[in-house]
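Let me begin by presenting the structure, written as C-alpha cells, before commenting on it.
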Amino acid sequence: MMRAYIDTNILVDLVLSRQEFLSDAQRVFALGYAGEVQLMVSALSFVNTVYLARKYKYPVEEVYSKLRLVADFVDVVDLRGQNVVDMLSSDWKDYEDATQFRSAVDEQADCIVTRRSTSGRLLPTGRKNKKDFKTSTIAVLTPAEFFDQIDTK
C-alpha cells in the first residue's frame with residue numbers, strides 16, 4: 001500500500017475548508033479513509049493548523065473536532081527533536097519543509113503530497129509548493145499527480 005506523507009497545507013485546506021483547495025484535500029483524505037492509501041501527517045501539522053485557525057478566527061472547537069476525526073484514520077507522526085536540530089544546518093530554503101521532508105524519510109513515505117501556490121491564496125501561509133521540496137529524495141506530488149498515481153495502480 002502506498003504510504004503518503006501529507007504536507008501541512010493539505011491538512012489546513014481540509015480542516016479550515018479553504019474553498020479553492022477543498023475538493024482536492026477532501027479527495028486526498030477520502031483515499032486514506034477508504035484504506036486505499038496510508039496517510040501520514042506530522043504532529044506539527046496539527047499544531048500549525050490550530051495556530052492558523054486561531055490566528056484567522058476560525059471556530060477552534062470545530063477545528064479540534066475535525067482534527068480528531070482525521071486522527072482516527074491518519075497516522076499522526078512525531079516530529080523528532082534531532083530532525084529539528086539537524087535541519088537547521090540543511091541547505092533547504094524553507095526550514096518547515098526541511099523538517100517535513102526529514103519526517104517523511106523517517107516514516108518511509110513513498111511520496112509527499114503538497115500543492116502549488118496560486119495567486120488566489122486565502123491565507124498567506126499557504127505558499128508552499130513543489131519547488132520548496134526540490135532537493136527531496138522522495139517523490140513530491142500535487143494532489144492531481146497523487147490521484148494519477150493512485151488511478152494507475
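Scheme for the C-alpha cells: letters A, B, ... for chains in order shown; per-chain residue numbers from 1; ligand numbers from 1 in order shown.
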
Exercise. Report as a ChimeraX atom specification: the residues of chain A with a DSSP assignment of helix (DSSP H, G or I), based on the backbone of this structure.
Key: /A:8-15,19-33,43-55,60-71,81-89,95-106,130-133,143-151

Quiz item: Contacts of range 64-76 of chain A at 12 Å or less, counting only C-alpha atoms, minus same-chain residues fewer than 5 places along, as a VMD selection string?
Solution: chain A and resid 3 to 8 11 to 17 25 to 26 28 to 51 53 to 54 58 to 59 103 to 104 107 109

Let me see the file: selected residues, C-alpha atoms, as an mmCIF file, in the first residue's frame.
data_model
loop_
_atom_site.group_PDB
_atom_site.id
_atom_site.type_symbol
_atom_site.label_atom_id
_atom_site.label_comp_id
_atom_site.auth_asym_id
_atom_site.auth_seq_id
_atom_site.Cartn_x
_atom_site.Cartn_y
_atom_site.Cartn_z
ATOM 1 C CA ARG A 3 2.451 5.496 2.135
ATOM 2 C CA ALA A 4 1.760 9.185 1.562
ATOM 3 C CA TYR A 5 3.072 11.947 3.807
ATOM 4 C CA ILE A 6 0.651 14.884 3.724
ATOM 5 C CA ASP A 7 2.090 18.389 3.873
ATOM 6 C CA THR A 8 0.568 20.904 6.264
ATOM 7 C CA LEU A 11 -4.448 19.420 6.113
ATOM 8 C CA VAL A 12 -5.149 23.140 6.525
ATOM 9 C CA ASP A 13 -7.177 23.137 3.295
ATOM 10 C CA LEU A 14 -9.352 20.327 4.634
ATOM 11 C CA VAL A 15 -9.808 21.436 8.222
ATOM 12 C CA LEU A 16 -10.277 25.140 7.520
ATOM 13 C CA SER A 17 -12.420 24.389 4.442
ATOM 14 C CA ALA A 25 -7.947 17.941 0.091
ATOM 15 C CA GLN A 26 -11.188 16.035 0.616
ATOM 16 C CA VAL A 28 -6.752 13.017 -0.638
ATOM 17 C CA PHE A 29 -8.138 12.297 2.809
ATOM 18 C CA ALA A 30 -11.011 10.202 1.427
ATOM 19 C CA LEU A 31 -8.449 7.853 -0.117
ATOM 20 C CA GLY A 32 -6.909 7.384 3.310
ATOM 21 C CA TYR A 33 -10.289 6.950 4.984
ATOM 22 C CA ALA A 34 -11.209 4.266 2.433
ATOM 23 C CA GLY A 35 -7.943 2.441 3.137
ATOM 24 C CA GLU A 36 -6.660 2.833 -0.410
ATOM 25 C CA VAL A 37 -3.502 4.569 0.827
ATOM 26 C CA GLN A 38 -1.821 5.006 4.186
ATOM 27 C CA LEU A 39 -1.720 8.693 5.078
ATOM 28 C CA MET A 40 0.749 10.257 7.486
ATOM 29 C CA VAL A 41 0.694 13.773 8.886
ATOM 30 C CA SER A 42 3.211 15.382 11.195
ATOM 31 C CA ALA A 43 2.063 16.223 14.706
ATOM 32 C CA LEU A 44 3.461 19.666 13.934
ATOM 33 C CA SER A 45 0.909 19.994 11.122
ATOM 34 C CA PHE A 46 -1.874 19.567 13.682
ATOM 35 C CA VAL A 47 -0.300 22.270 15.851
ATOM 36 C CA ASN A 48 0.130 24.612 12.881
ATOM 37 C CA THR A 49 -3.474 24.061 11.794
ATOM 38 C CA VAL A 50 -4.755 25.056 15.226
ATOM 39 C CA TYR A 51 -2.432 28.074 15.233
ATOM 40 C CA ALA A 53 -7.370 28.617 12.976
ATOM 41 C CA ARG A 54 -6.860 30.850 15.976
ATOM 42 C CA TYR A 58 -11.941 30.075 12.785
ATOM 43 C CA PRO A 59 -14.136 28.310 15.381
ATOM 44 C CA SER A 103 9.996 13.204 8.916
ATOM 45 C CA ALA A 104 8.692 11.686 5.688
ATOM 46 C CA GLU A 107 8.431 7.294 8.200
ATOM 47 C CA ALA A 109 6.893 7.539 2.921
#

Quiz item: What does the distance between CA of Thr114 in chain A and CA of Asp86 in chain A come to in Å, to one decimal place?
Solution: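 Calculated distance between CA of Thr114 in chain A and CA of Asp86 in chain A is 22.4 Å.
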
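With only C-alpha atoms as the atoms that count, the residue of A:Gln100, A:Thr152, A:Ser90, A:Ser23 with the shortest distance to Val140 in chain A is A:Gln100.
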
Quiz item: Skipping near chain neighbours, those fewer than 4 positions away, what residues fall within 9 Å of Phe101 in chain A using only C-alpha atoms, listed as an MDAnalysis selection string?
Solution: chainID A and resid 5 96:97 105:106 112 133 136:138

Would you put the residues from that selection into a file with N, CA and C atoms, as a JSON list (two decimals), in the first residue's frame?
[["chain", "number", "residue", "atom", "x", "y", "z"],
["A", 5, "TYR", "N", 2.87, 10.95, 2.75],
["A", 5, "TYR", "CA", 3.07, 11.95, 3.81],
["A", 5, "TYR", "C", 2.40, 13.24, 3.34],
["A", 96, "GLU", "N", 10.63, 24.67, 7.54],
["A", 96, "GLU", "CA", 9.49, 23.80, 7.85],
["A", 96, "GLU", "C", 9.40, 22.66, 6.84],
["A", 97, "ASP", "N", 9.62, 22.96, 5.56],
["A", 97, "ASP", "CA", 9.61, 21.91, 4.54],
["A", 97, "ASP", "C", 10.74, 20.91, 4.78],
["A", 105, "VAL", "N", 10.97, 10.92, 5.36],
["A", 105, "VAL", "CA", 12.03, 9.92, 5.18],
["A", 105, "VAL", "C", 12.01, 8.93, 6.34],
["A", 106, "ASP", "N", 11.98, 9.46, 7.55],
["A", 106, "ASP", "CA", 11.97, 8.59, 8.74],
["A", 106, "ASP", "C", 10.77, 7.64, 8.74],
["A", 112, "ILE", "N", 5.43, 12.69, -0.83],
["A", 112, "ILE", "CA", 4.93, 13.82, -0.06],
["A", 112, "ILE", "C", 3.88, 14.48, -0.95],
["A", 133, "PHE", "N", 10.45, 21.76, -2.25],
["A", 133, "PHE", "CA", 10.94, 20.41, -1.98],
["A", 133, "PHE", "C", 11.89, 19.93, -3.07],
["A", 136, "SER", "N", 14.28, 17.08, -2.47],
["A", 136, "SER", "CA", 13.71, 15.88, -1.87],
["A", 136, "SER", "C", 14.16, 14.63, -2.62],
["A", 137, "THR", "N", 14.43, 13.59, -1.87],
["A", 137, "THR", "CA", 14.74, 12.29, -2.47],
["A", 137, "THR", "C", 13.50, 11.41, -2.51],
["A", 138, "ILE", "N", 12.37, 11.93, -2.06],
["A", 138, "ILE", "CA", 11.08, 11.25, -2.11],
["A", 138, "ILE", "C", 10.25, 11.97, -3.18]]

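Atom to atom, CA of Phe146 in chain A and CA of Ala98 in chain A stand 20.5 Å apart.
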
Practice problem: Would you please extract all strand (DSSP E) residues from range 4-146 of chain A, as assigned by DSSP on the backbone, and give them as a ChimeraX atom specification? | Solution: /A:4-6,38-42,75-77,111-113,139-141

Self-check item: Selected residue of minimal separation from Phe147 in chain A among A:Arg27, A:Arg18, A:Glu61, A:Cys111, counting only C-alpha atoms
Solution: A:Arg27
